[in-house]
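Containing mmCIF, C-alpha atoms: query.cif.
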```
data_final
loop_
_atom_site.label_atom_id
_atom_site.label_comp_id
_atom_site.auth_asym_id
_atom_site.auth_seq_id
_atom_site.Cartn_x
_atom_site.Cartn_y
_atom_site.Cartn_z
CA MET A 12 0.00 0.00 0.00
CA LYS A 13 1.19 3.49 -0.82
CA TYR A 14 0.02 6.78 0.69
CA SER A 15 -0.31 9.76 -1.64
CA TYR A 16 0.49 13.37 -0.73
CA LYS A 17 -0.20 16.44 -2.84
CA GLU A 18 -1.38 18.88 -0.17
CA MET A 19 0.04 19.09 3.35
CA PRO A 20 -1.68 16.53 5.62
CA GLU A 21 -3.84 17.95 8.41
CA SER A 22 -1.67 16.08 10.93
CA MET A 23 1.32 18.29 10.04
CA LYS A 24 -0.40 21.60 10.70
CA GLY A 25 1.19 23.39 13.65
CA THR A 26 4.44 21.43 13.38
CA TYR A 27 7.85 22.61 12.22
CA GLY A 28 7.08 21.10 8.82
CA ASP A 29 4.20 23.60 8.61
CA PHE A 30 5.67 26.88 9.83
CA SER A 31 9.11 26.24 8.32
CA LYS A 32 7.69 27.77 5.13
CA ASN A 33 8.47 31.09 6.85
CA PHE A 34 12.14 30.12 6.44
CA GLY A 35 11.76 29.02 2.84
CA PHE A 36 11.21 25.27 3.35
CA SER A 37 8.37 23.23 1.88
CA TRP A 38 6.53 20.66 4.00
CA LYS A 39 7.35 18.16 1.25
CA GLU A 40 11.01 18.34 2.20
CA PHE A 41 10.18 16.87 5.63
CA VAL A 42 7.94 14.11 4.25
CA MET A 43 10.14 13.03 1.33
CA THR A 44 13.42 13.47 3.28
CA VAL A 45 15.91 13.17 0.44
CA PRO A 46 19.46 13.63 1.81
CA SER A 47 22.02 16.05 0.34
CA PRO A 48 25.76 16.36 1.00
CA LEU A 49 26.71 18.89 3.65
CA PHE A 50 29.61 21.26 3.05
CA LEU A 51 31.03 24.71 3.76
CA VAL A 52 31.47 27.17 0.89
CA THR A 53 34.22 29.74 1.38
CA THR A 54 34.98 32.96 -0.47
CA TYR A 55 36.55 36.35 0.15
CA LYS A 56 34.17 39.22 0.83
CA SER A 57 34.71 42.56 -0.88
CA ASN A 58 36.64 43.76 2.20
CA GLY A 59 39.06 40.84 1.91
CA LYS A 60 37.70 38.96 4.94
CA PRO A 61 36.98 35.22 4.57
CA ASN A 62 33.32 34.29 4.23
CA ALA A 63 31.96 30.86 5.15
CA CYS A 64 28.48 29.57 4.35
CA MET A 65 27.06 26.17 5.32
CA GLN A 66 25.30 24.63 2.32
CA SER A 67 23.40 21.55 1.27
CA TRP A 68 20.63 21.04 -1.30
CA ALA A 69 23.25 20.41 -3.96
CA ASN A 70 24.19 18.04 -6.73
CA PHE A 71 27.51 17.19 -8.34
CA THR A 72 27.68 16.03 -11.93
CA SER A 73 29.91 15.64 -14.97
CA ALA A 74 29.10 17.40 -18.25
CA ASN A 75 30.69 18.70 -21.44
CA HIS A 76 31.33 15.16 -22.68
CA GLY A 77 33.24 14.30 -19.53
CA ASN A 78 35.54 17.31 -19.80
CA GLY A 79 34.05 19.08 -16.79
CA PHE A 80 32.85 18.37 -13.24
CA TYR A 81 30.25 20.72 -11.79
CA ALA A 82 28.53 21.59 -8.52
CA LEU A 83 24.93 22.80 -8.62
CA LEU A 84 24.15 24.74 -5.45
CA GLY A 85 20.38 24.48 -5.26
CA SER A 86 19.52 27.29 -2.83
CA VAL A 87 21.75 30.37 -2.49
CA ASN A 88 20.18 33.41 -0.82
CA LYS A 89 20.54 36.51 -2.99
CA ALA A 90 20.74 38.67 0.16
CA GLY A 91 23.68 36.75 1.66
CA HIS A 92 27.45 37.26 1.72
CA LEU A 93 28.02 34.10 -0.35
CA TYR A 94 25.94 35.38 -3.26
CA ALA A 95 27.58 38.80 -3.18
CA SER A 96 31.06 37.26 -3.07
CA LEU A 97 30.35 34.85 -5.91
CA LYS A 98 29.03 37.65 -8.10
CA GLU A 99 32.11 39.77 -7.41
CA LYS A 100 34.93 37.23 -7.22
CA LYS A 101 33.48 34.50 -9.49
CA VAL A 102 35.25 31.79 -7.45
CA ALA A 103 34.68 29.72 -4.30
CA VAL A 104 35.93 26.65 -2.44
CA ILE A 105 33.61 23.81 -1.42
CA ASN A 106 34.92 22.26 1.81
CA PHE A 107 33.75 18.82 2.92
CA MET A 108 33.96 18.20 6.66
CA SER A 109 34.03 15.07 8.75
CA ALA A 110 32.05 14.70 11.96
CA ALA A 111 35.16 15.79 13.89
CA CYS A 112 34.97 19.40 12.69
CA HIS A 113 31.24 19.62 11.98
CA ALA A 114 30.54 21.69 15.11
CA ALA A 115 33.19 24.27 14.22
CA CYS A 116 31.88 24.54 10.67
CA MET A 117 28.34 25.02 11.97
CA ASP A 118 29.65 27.73 14.29
CA THR A 119 30.43 29.90 11.27
CA ILE A 120 26.69 30.65 11.18
CA HIS A 121 27.14 32.69 14.36
CA HIS A 122 30.15 34.69 13.09
CA ASN A 123 28.79 36.09 9.85
CA ASP A 124 29.27 39.82 10.37
CA PHE A 125 30.62 41.53 7.27
CA ASP A 126 33.82 42.57 9.09
CA ALA A 127 34.42 39.13 10.59
CA ASP A 128 36.90 36.50 9.47
CA GLU A 129 34.18 33.85 9.57
CA ILE A 130 36.62 30.93 9.34
CA THR A 131 39.10 31.95 12.03
CA PHE A 132 36.42 33.22 14.43
CA SER A 133 34.94 29.71 14.41
CA GLY A 134 38.20 28.05 15.43
CA LEU A 135 39.08 26.85 11.93
CA THR A 136 42.15 27.55 9.81
CA ALA A 137 41.91 29.54 6.56
CA VAL A 138 44.58 28.81 3.95
CA PRO A 139 44.82 30.26 0.43
CA ALA A 140 43.48 28.15 -2.42
CA LYS A 141 46.06 27.06 -4.99
CA TRP A 142 44.39 27.99 -8.28
CA ILE A 143 41.77 30.63 -7.40
CA ASP A 144 41.47 33.71 -5.17
CA ALA A 145 39.54 32.17 -2.27
CA PRO A 146 40.25 30.72 1.18
CA MET A 147 39.84 27.06 2.03
CA VAL A 148 39.43 25.33 5.39
CA GLU A 149 42.48 23.30 6.41
CA GLU A 150 40.53 21.06 8.81
CA CYS A 151 38.12 19.87 6.11
CA PHE A 152 39.33 16.62 4.51
CA MET A 153 38.42 17.63 0.94
CA ASN A 154 38.44 21.07 -0.70
CA LEU A 155 37.12 21.70 -4.21
CA GLU A 156 38.33 24.87 -5.92
CA CYS A 157 35.57 26.20 -8.18
CA LYS A 158 34.72 29.00 -10.56
CA TYR A 159 31.27 30.55 -11.01
CA LEU A 160 29.52 29.75 -14.30
CA TRP A 161 25.86 30.77 -14.09
CA GLU A 162 22.77 31.19 -11.92
CA LYS A 163 19.03 30.78 -12.36
CA GLU A 164 15.93 31.34 -10.26
CA ILE A 165 13.87 28.17 -9.93
CA VAL A 166 10.75 30.36 -9.82
CA ASP A 167 10.80 33.84 -11.36
CA GLY A 168 11.25 36.52 -8.72
CA ASP A 169 12.39 34.13 -5.97
CA ASP A 170 14.93 35.33 -3.38
CA HIS A 171 17.10 32.21 -3.84
CA VAL A 172 18.91 30.96 -6.93
CA VAL A 173 20.55 27.83 -8.29
CA ILE A 174 24.24 28.47 -8.93
CA CYS A 175 26.50 26.34 -11.11
CA LEU A 176 30.18 26.11 -10.18
CA GLU A 177 32.82 24.34 -12.23
CA VAL A 178 35.22 22.28 -10.12
CA ILE A 179 38.73 23.28 -11.21
CA GLY A 180 40.63 20.95 -8.90
CA ALA A 181 40.64 19.27 -5.51
CA HIS A 182 42.72 18.76 -2.37
CA ILE A 183 42.10 15.48 -0.53
CA ASP A 184 43.60 14.43 2.79
CA GLU A 185 45.77 11.33 2.43
CA ASN A 186 43.65 9.45 4.97
CA HIS A 187 40.58 9.93 2.78
CA LEU A 188 42.01 9.09 -0.63
CA ALA A 189 40.68 5.52 -0.55
CA ASP A 190 37.43 6.17 1.30
CA LYS A 191 35.55 9.46 1.49
CA THR A 192 32.28 7.91 2.69
CA GLY A 193 33.43 5.92 5.73
CA ASP A 194 32.89 6.65 9.40
CA ASN A 195 35.03 9.80 9.22
CA GLY A 196 33.92 10.87 5.76
CA LEU A 197 31.09 12.77 4.08
CA LEU A 198 28.15 14.08 6.06
CA TYR A 199 24.63 14.47 4.70
CA ASN A 200 21.84 16.88 5.53
CA LEU A 201 18.33 15.57 5.99
CA HIS A 202 15.57 17.84 7.24
CA TYR A 203 13.82 16.46 10.31
CA PRO A 204 12.02 13.39 8.94
CA MET A 205 8.31 13.35 9.66
CA ASN A 206 5.86 10.48 9.26
CA PRO A 207 2.72 12.32 8.06
CA GLU A 208 0.54 9.45 9.28
CA HIS A 209 1.95 9.52 12.82
CA VAL A 210 3.14 13.04 13.54
CA GLU A 211 4.52 13.67 17.01
CA LYS A 212 3.87 17.29 17.91
CA THR A 213 6.74 17.69 20.34
CA GLY A 214 6.86 21.48 20.22
CA HIS A 215 10.55 21.37 19.36
CA ASP A 216 11.78 23.35 16.38
CA TYR A 217 13.93 20.87 14.51
CA ALA A 218 16.14 22.57 11.96
CA GLY A 219 17.47 19.32 10.57
CA VAL A 220 19.61 16.30 11.19
CA ILE A 221 23.00 15.11 10.12
CA VAL A 222 22.93 11.62 8.68
CA LYS A 223 26.14 9.62 8.83
CA LYS A 224 25.82 6.06 7.57
CA ILE A 225 23.16 4.67 9.93
CA ASP A 226 23.98 7.10 12.74
CA VAL A 227 21.75 10.13 13.23
CA ALA A 228 22.66 13.18 15.31
CA GLU A 229 20.35 16.16 15.85
CA TYR A 230 21.62 19.71 15.53
#
```
How does the structure come out when it is put into structure tokens?
Amino acid sequence: MKYSYKEMPESMKGTYGDFSKNFGFSWKEFVMTVPSPLFLVTTYKSNGKPNACMQSWANFTSANHGNGFYALLGSVNKAGHLYASLKEKKVAVINFMSAACHAACMDTIHHNDFDADEITFSGLTAVPAKWIDAPMVEECFMNLECKYLWEKEIVDGDDHVVICLEVIGAHIDENHLADKTGDNGLLYNLHYPMNPEHVEKTGHDYAGVIVKKIDVAEY
């Protein structure tokens, strides 16, 4: 038997899956719960200070007959530092973290003043990228240097855009060369999964979960 959902179930009204639309999330994201890789995008702001932005909702794909590898960032806020930096600098680094430095990467959210070095203030180490003018995070086990290609609104007039970055090259920690998906490898973002047939109205505002293999940790 399969349940069908086109409109938000009555059972979800009053839950985080309902009022999260105020933050730009659809209730369908909580019901369908499709995971996305979690990473930190770093750039230089116009004042030269490092910018760091936690991102998910992304896809990575090859194109151009195998001559290019690309990152599609599915939801970049046009009012944020990341968007402004990408439009000005046309480059960025995608940094993949392990669970060991996840908390520090998440802490960049709380140090996002324009005059702040968002990487250093969060206890991380900023080092210059090799091929582009952007900082990368030393503690992250894989860093992808990228250049901006294009952007598009999913819906005309939206305040978020899809941005395509071309991956120029990568830096991978020697301990992750053979396995980037093991216990100390890639993390995935999955918005708080909700069973629409058995919703528990706990009153808690769940922003999401980190999924690592079969282990789940709330943040």
Could you list, as a ChimeraX atom specification, every residue matched by the PyMOL selection byres ((chain A and resi 58) around 10) in this structure? /A:55-57,59-61,125-127
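Closest approach to Ala111 in chain A among A:Met147, A:Asn200, A:Pro20, A:Asn195 is made by A:Asn195 (distances from only C-alpha atoms).
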(message) Residues within 8 Å of Asn70 in chain A, please, as a list of chain:residue names. Count only C-alpha atoms; anything in the same chain fewer than 4 positions from it doesn't count.
(response) A:Ser47, A:Ala82, A:Leu83, A:Leu84, A:Gly85
Just write the chosen residues, C-alpha atoms, as a PDB file, in the frame of the given file.
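The file below, out_12.pdb, is the result:
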```pdb
ATOM      1  CA  SER A  47      22.020  16.050   0.340  1.00  0.00           C
ATOM      2  CA  ALA A  82      28.530  21.590  -8.520  1.00  0.00           C
ATOM      3  CA  LEU A  83      24.930  22.800  -8.620  1.00  0.00           C
ATOM      4  CA  LEU A  84      24.150  24.740  -5.450  1.00  0.00           C
ATOM      5  CA  GLY A  85      20.380  24.480  -5.260  1.00  0.00           C
TER       6      GLY A  85
END
```
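Distances from A:Asp169, A:Glu129, A:Asp194, A:Glu177 to Phe71 in chain A were compared using all atoms listed in the file, and the smallest one belongs to A:Glu177.
Using all atoms listed in the file, the smallest distance between any of A:Cys175, A:Leu51, A:Met12, A:Cys64 and His92 in chain A comes from A:Cys64.
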Nearest to Val138 in chain A, restricted to all atoms listed in the file and choosing among A:Asn186, A:Thr54, A:Asn88, A:Asn123, comes out as A:Thr54
Where is the centre and how long are the edges: axis-aligned box on range 62-79 of chain A, 3 Å on each side, Å to one decimal, as AutoDock Vina command-line options:
```
--center_x 28.1 --center_y 24.3 --center_z -8.7 --size_x 20.9 --size_y 26.0 --size_z 34.0
```
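For the pair CA of Met117 in chain A and CA of Met23 in chain A, the separation is 27.9 Å.
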Just range 108-133 of chain A, please, as a PDB file, in the first residue's frame (only N, CA, C and O atoms).
```pdb
ATOM      1  N   MET A 108      33.517  18.445   5.287  1.00  0.00           N
ATOM      2  CA  MET A 108      33.959  18.204   6.659  1.00  0.00           C
ATOM      3  C   MET A 108      33.624  16.795   7.108  1.00  0.00           C
ATOM      4  O   MET A 108      32.682  16.178   6.601  1.00  0.00           O
ATOM      5  N   SER A 109      34.396  16.303   8.056  1.00  0.00           N
ATOM      6  CA  SER A 109      34.034  15.067   8.750  1.00  0.00           C
ATOM      7  C   SER A 109      33.267  15.444  10.006  1.00  0.00           C
ATOM      8  O   SER A 109      33.152  16.624  10.354  1.00  0.00           O
ATOM      9  N   ALA A 110      32.788  14.440  10.728  1.00  0.00           N
ATOM     10  CA  ALA A 110      32.053  14.702  11.962  1.00  0.00           C
ATOM     11  C   ALA A 110      32.927  15.420  12.982  1.00  0.00           C
ATOM     12  O   ALA A 110      32.432  16.174  13.816  1.00  0.00           O
ATOM     13  N   ALA A 111      34.244  15.217  12.898  1.00  0.00           N
ATOM     14  CA  ALA A 111      35.162  15.792  13.886  1.00  0.00           C
ATOM     15  C   ALA A 111      35.147  17.315  13.883  1.00  0.00           C
ATOM     16  O   ALA A 111      35.332  17.941  14.927  1.00  0.00           O
ATOM     17  N   CYS A 112      34.957  17.933  12.731  1.00  0.00           N
ATOM     18  CA  CYS A 112      34.967  19.400  12.685  1.00  0.00           C
ATOM     19  C   CYS A 112      33.619  19.981  12.280  1.00  0.00           C
ATOM     20  O   CYS A 112      33.522  21.161  11.939  1.00  0.00           O
ATOM     21  N   HIS A 113      32.579  19.149  12.330  1.00  0.00           N
ATOM     22  CA  HIS A 113      31.243  19.622  11.979  1.00  0.00           C
ATOM     23  C   HIS A 113      30.788  20.771  12.867  1.00  0.00           C
ATOM     24  O   HIS A 113      30.250  21.769  12.393  1.00  0.00           O
ATOM     25  N   ALA A 114      31.009  20.664  14.180  1.00  0.00           N
ATOM     26  CA  ALA A 114      30.539  21.691  15.114  1.00  0.00           C
ATOM     27  C   ALA A 114      31.195  23.037  14.818  1.00  0.00           C
ATOM     28  O   ALA A 114      30.533  24.081  14.845  1.00  0.00           O
ATOM     29  N   ALA A 115      32.486  23.026  14.525  1.00  0.00           N
ATOM     30  CA  ALA A 115      33.185  24.273  14.222  1.00  0.00           C
ATOM     31  C   ALA A 115      32.679  24.878  12.920  1.00  0.00           C
ATOM     32  O   ALA A 115      32.513  26.100  12.811  1.00  0.00           O
ATOM     33  N   CYS A 116      32.415  24.038  11.931  1.00  0.00           N
ATOM     34  CA  CYS A 116      31.876  24.541  10.667  1.00  0.00           C
ATOM     35  C   CYS A 116      30.488  25.140  10.868  1.00  0.00           C
ATOM     36  O   CYS A 116      30.170  26.196  10.313  1.00  0.00           O
ATOM     37  N   MET A 117      29.668  24.483  11.678  1.00  0.00           N
ATOM     38  CA  MET A 117      28.343  25.015  11.973  1.00  0.00           C
ATOM     39  C   MET A 117      28.437  26.343  12.719  1.00  0.00           C
ATOM     40  O   MET A 117      27.572  27.217  12.564  1.00  0.00           O
ATOM     41  N   ASP A 118      29.492  26.511  13.501  1.00  0.00           N
ATOM     42  CA  ASP A 118      29.649  27.729  14.292  1.00  0.00           C
ATOM     43  C   ASP A 118      29.865  28.953  13.418  1.00  0.00           C
ATOM     44  O   ASP A 118      29.674  30.087  13.865  1.00  0.00           O
ATOM     45  N   THR A 119      30.257  28.761  12.165  1.00  0.00           N
ATOM     46  CA  THR A 119      30.431  29.905  11.268  1.00  0.00           C
ATOM     47  C   THR A 119      29.125  30.669  11.086  1.00  0.00           C
ATOM     48  O   THR A 119      29.141  31.856  10.757  1.00  0.00           O
ATOM     49  N   ILE A 120      27.996  29.991  11.302  1.00  0.00           N
ATOM     50  CA  ILE A 120      26.690  30.645  11.178  1.00  0.00           C
ATOM     51  C   ILE A 120      26.570  31.804  12.163  1.00  0.00           C
ATOM     52  O   ILE A 120      25.901  32.804  11.888  1.00  0.00           O
ATOM     53  N   HIS A 121      27.243  31.674  13.308  1.00  0.00           N
ATOM     54  CA  HIS A 121      27.138  32.685  14.362  1.00  0.00           C
ATOM     55  C   HIS A 121      28.218  33.765  14.271  1.00  0.00           C
ATOM     56  O   HIS A 121      28.288  34.647  15.120  1.00  0.00           O
ATOM     57  N   HIS A 122      29.067  33.702  13.249  1.00  0.00           N
ATOM     58  CA  HIS A 122      30.147  34.686  13.092  1.00  0.00           C
ATOM     59  C   HIS A 122      30.113  35.263  11.686  1.00  0.00           C
ATOM     60  O   HIS A 122      31.134  35.338  11.009  1.00  0.00           O
ATOM     61  N   ASN A 123      28.937  35.680  11.249  1.00  0.00           N
ATOM     62  CA  ASN A 123      28.787  36.093   9.846  1.00  0.00           C
ATOM     63  C   ASN A 123      28.672  37.596   9.653  1.00  0.00           C
ATOM     64  O   ASN A 123      28.103  38.057   8.667  1.00  0.00           O
ATOM     65  N   ASP A 124      29.217  38.374  10.590  1.00  0.00           N
ATOM     66  CA  ASP A 124      29.274  39.821  10.370  1.00  0.00           C
ATOM     67  C   ASP A 124      30.159  40.127   9.175  1.00  0.00           C
ATOM     68  O   ASP A 124      31.133  39.411   8.901  1.00  0.00           O
ATOM     69  N   PHE A 125      29.866  41.195   8.476  1.00  0.00           N
ATOM     70  CA  PHE A 125      30.621  41.534   7.265  1.00  0.00           C
ATOM     71  C   PHE A 125      32.103  41.737   7.565  1.00  0.00           C
ATOM     72  O   PHE A 125      32.968  41.370   6.767  1.00  0.00           O
ATOM     73  N   ASP A 126      32.429  42.297   8.745  1.00  0.00           N
ATOM     74  CA  ASP A 126      33.819  42.571   9.088  1.00  0.00           C
ATOM     75  C   ASP A 126      34.517  41.405   9.767  1.00  0.00           C
ATOM     76  O   ASP A 126      35.679  41.530  10.171  1.00  0.00           O
ATOM     77  N   ALA A 127      33.846  40.275   9.890  1.00  0.00           N
ATOM     78  CA  ALA A 127      34.424  39.127  10.593  1.00  0.00           C
ATOM     79  C   ALA A 127      35.165  38.201   9.632  1.00  0.00           C
ATOM     80  O   ALA A 127      34.764  38.004   8.483  1.00  0.00           O
ATOM     81  N   ASP A 128      36.252  37.617  10.131  1.00  0.00           N
ATOM     82  CA  ASP A 128      36.902  36.502   9.467  1.00  0.00           C
ATOM     83  C   ASP A 128      36.124  35.264   9.919  1.00  0.00           C
ATOM     84  O   ASP A 128      36.388  34.705  10.976  1.00  0.00           O
ATOM     85  N   GLU A 129      35.151  34.861   9.142  1.00  0.00           N
ATOM     86  CA  GLU A 129      34.182  33.855   9.570  1.00  0.00           C
ATOM     87  C   GLU A 129      34.806  32.480   9.798  1.00  0.00           C
ATOM     88  O   GLU A 129      34.262  31.661  10.539  1.00  0.00           O
ATOM     89  N   ILE A 130      35.937  32.214   9.171  1.00  0.00           N
ATOM     90  CA  ILE A 130      36.617  30.929   9.344  1.00  0.00           C
ATOM     91  C   ILE A 130      37.406  30.916  10.649  1.00  0.00           C
ATOM     92  O   ILE A 130      37.219  30.039  11.498  1.00  0.00           O
ATOM     93  N   THR A 131      38.262  31.908  10.841  1.00  0.00           N
ATOM     94  CA  THR A 131      39.103  31.954  12.032  1.00  0.00           C
ATOM     95  C   THR A 131      38.284  32.135  13.298  1.00  0.00           C
ATOM     96  O   THR A 131      38.568  31.509  14.330  1.00  0.00           O
ATOM     97  N   PHE A 132      37.251  32.973  13.257  1.00  0.00           N
ATOM     98  CA  PHE A 132      36.422  33.216  14.431  1.00  0.00           C
ATOM     99  C   PHE A 132      35.732  31.943  14.917  1.00  0.00           C
ATOM    100  O   PHE A 132      35.319  31.862  16.068  1.00  0.00           O
ATOM    101  N   SER A 133      35.612  30.955  14.047  1.00  0.00           N
ATOM    102  CA  SER A 133      34.943  29.705  14.411  1.00  0.00           C
ATOM    103  C   SER A 133      35.930  28.619  14.841  1.00  0.00           C
ATOM    104  O   SER A 133      35.541  27.477  15.041  1.00  0.00           O
TER     105      SER A 133
END
```
